[in-house]
Structure formats: structure tokens, C-alpha cells
Amino acid sequence: MFLAPVVVLAILYALGTTLPVPALGRGYIVKFELPPAGEPIDLPKVEGPPDRSRPLIVIDAGHGGHDPGAQGQGFEEKELVLALARALRDRLVAEGGVRVALTRSDDSFLVLAERFAIARELGADLMLSIHADSAGSEDQVTGASIYTLSDDASSEAAARFAMRENAVDTMNGVPLSGQSEAVNSILVQLSQRRVQADSEEFARLIEREGQGVLQFHPQARRSASLAVLRAPDVPSVLYEAGFISNEEDAKRLASEEGRERFAVVLARAVRIYFARQSAQE
């Protein structure tokens with residue numbers, strides 16, 4: 001009895017007959033944009049001095065392409081943060097001594113994994129991801145926030161990278177190839193702890209240098225499980241520049257004066273961070 005449907009289908013197939021299939025749902029396709037498997041990532045141009053010994057910061061403007069990010073007050077997040085990224089790049093290049101690369105310099109789309117992969121491939125010393133927040137209808141919420149990776153997310157990311165990086169020769173100068181998975185896990189976790197401490201240091205510098213110049217949210221320093229911050233060997237901070245849902249924040253972020261203030265503060269924080277790192281070597 002249970003095999004009867006199978007037998008019927010086999011007979012129909014042998015006779016070249018097909019059963020009608022309802023059309024409902026056949027025209028719907030769900031697509032997910034992922035990096036091409038096995039293909040190298042297109043690396044962006046590195047600007048600044050040609051001396052590769054100079055520190056490199058990768059600046060990541062969030063969203064892009066078909067992903068506008070937050071929207072409000074007639075603005076789109078992807079456009080505001082790209083303008084901020086360009087302003088910071090131009091400031092750092094003009095002041096000299098620091099190399100700079102943007103993950104995207106136009107309205108292109110990158111998946112999250114590509115963003116920190118670019119920083120790793122370039123051998124970046126620091127990564128700054130720039131976003132703008134939204135509070136929906138709560139248009140009174142205002143101010144910038146600075147995110148670093150949470151402790152739990154850091155441990156999860158370290159374990160994940162340890163499993164993937166067995167074929168890699170080194171991480172932060174520590175040899176990984178030829179080691180057991182257990183040893184690699186410990187080495188990656190140690191690397192992640194150092195990177196997390198450096199990320200916290202950069203976040204503190206942004207908040208310190210921005211006092212009285214930038215407007216911060218009352219809870220300015222935060223940690224979260226953010227995929228873009230999970231590179232185990234690149235100190236990374238995500239900067240939420242303000243709330244696009246707030247009229248004053250949105251206008252400030254879109255203004256030349258607002259971009260200049262942001263660029264001055266962040267460039268100073270970057271330089272102090274690199275100076276301190278150099279002093280520790």
C-alpha cells in the first residue's frame with residue numbers, strides 16, 4: 001500500500017507522462033548575495049606614503065548598493081557614512097605618515113565577511129567601521145556610540161577562526177601551521193585578547209578626543225556581537241556616528257562642518273593610537 005504512489009509515478013514516467021504541478025510559488029526565488037567561492041577579494045587602493053612600514057588603517061563605510069541601511073529625515077545611511085569615511089581618509093592622507101584604505105569608495109555592496117577579510121588581506125593595523133543608527137519613531141534619541149566586540153562574541157570568533165586557520169602560517173607573528181587544533185585554538189584566543197584590548201584602547205581614545213567636539217549618546221561605549229569586528233588579528237571598532245532618525249543628528253552628519261569635526265577627532269585618535277602602539281614595540 002505504501003509503495004503504491006511510487007509505483008504509479010514510475011509507470012507514468014515510463015509512459016512519458018507527467019503530473020501537473022501547481023504554479024503557485026514557482027515564480028518566487030530567494031537570493032542571497034555571497035562572495036564568489038574560491039575567488040580572491042578585490043582589494044582596494046592603499047593611499048598615503050608608499051612605505052609599507054607605516055601603519056595602515058582600513059575604513060569601512062557600512063551598507064552600500066542595494067542595502068541603504070537606516071533611512072530618515074530624507075537621508076540614507078549608506079551615503080552619509082561613505083562621506084564620513086572619505087573625509088577621514090582625506091584628512092589622514094593630507095596629514096601624512098599613515099596609510100589608508102576604504103573597503104568601498106563608491107556605492108557598492110559588500111557582505112560583512114568581505115569587510116574584515118579586506119582588512120586582514122591588506123595586513124591592516126586597525127579597522128574602523130562607520131555606521132549611523134536609527135531609533136525609528138523615537139526621533140529624540142541622539143548621539144554617537146562606539147562599539148567593540150563583546151567578550152562572548154570574541155571567544156566564539158576565536159574558536160571559529162582556530163578551526164579555519166590551521167593552514168595559515170602565522171597570526172600576529174605566531175606560527176599556526178603544523179600545530180594541533182587545541183594549540184591553535186589557544187593561540188588564536190591569545191591573539192584575540194590582545195586585539196580586543198587594543199580595540200578598547202582605540203575606543204577610549206575616540207571618546208576622549210571627541211569630548212566637547214562630537215555629541216555622544218549617554219551610553220557612548222558599548223560592546224556587541226558584531227560580525228564586522230570579528231577579525232582575530234586586526235583591532236576593530238564600529239562607530240555609530242549618530243541617529244539618522246533625529247533631525248539634528250542627520251543634518252550634522254550630512255553637513256561639511258559635521259564631517260570635518262568627525263575627521264579631525266577620529267584622525268587625532270588614530271594617530272595617538274598608532275603612536276602608542278609604536279612606543280610599545
# chains A, B, ... in the order shown; residues from 1 in each chain; ligands from 1
call {"tool": "residues_around", "arguments": {"residues": "A:Gln71", "least_positions_apart": "4", "cutoff": "8 Å", "atoms": "only C-alpha atoms", "output": "list in words"}}
result
Phe75, Glu76, Glu77, Ser134, Ile244 and Ser245 of chain A
call {"tool": "closest_residue", "arguments": {"among": "A:Ala224, A:Val195, A:Ala124, A:Val213", "to": "A:Arg52", "atoms": "only C-alpha atoms"}}
result
A:Ala124
call {"tool": "residues_around", "arguments": {"residues": "A:Arg89", "least_positions_apart": "2", "cutoff": "9 Å", "atoms": "only C-alpha atoms", "output": "PyMOL selection string"}}
result
chain A and resi 47+59+84-87+91-94+100-102+263+267
call {"tool": "write_last_selection", "arguments": {"atoms": "C-alpha atoms", "output": "short mmCIF file (atom, residue, chain, number, x, y, z; two decimals), in the first residue's frame"}}
result
data_model
loop_
_atom_site.label_atom_id
_atom_site.label_comp_id
_atom_site.auth_asym_id
_atom_site.auth_seq_id
_atom_site.Cartn_x
_atom_site.Cartn_y
_atom_site.Cartn_z
CA GLU A 47 46.64 55.64 -0.12
CA ILE A 59 37.98 52.46 6.99
CA LEU A 84 32.38 60.45 6.59
CA ALA A 85 34.80 57.70 5.52
CA ARG A 86 36.09 59.80 2.65
CA ALA A 87 36.51 62.84 4.91
CA ARG A 91 42.36 64.12 6.48
CA LEU A 92 44.75 61.28 7.29
CA VAL A 93 46.35 61.32 3.84
CA ALA A 94 46.78 65.11 3.96
CA VAL A 100 44.62 54.42 4.47
CA ALA A 101 42.27 52.14 2.52
CA LEU A 102 38.48 52.24 2.18
CA ALA A 263 37.50 63.74 10.59
CA ALA A 267 42.27 61.35 12.76
#
call {"tool": "atom_distance", "arguments": {"atom1": "atom CA of A:Leu229", "atom2": "atom CA of A:Ala70"}}
result
19.5 Å
call {"tool": "closest_residue", "arguments": {"among": "A:Ala275, A:Val141, A:Leu266, A:Ala227", "to": "A:Phe243", "atoms": "only C-alpha atoms"}}
result
A:Val141
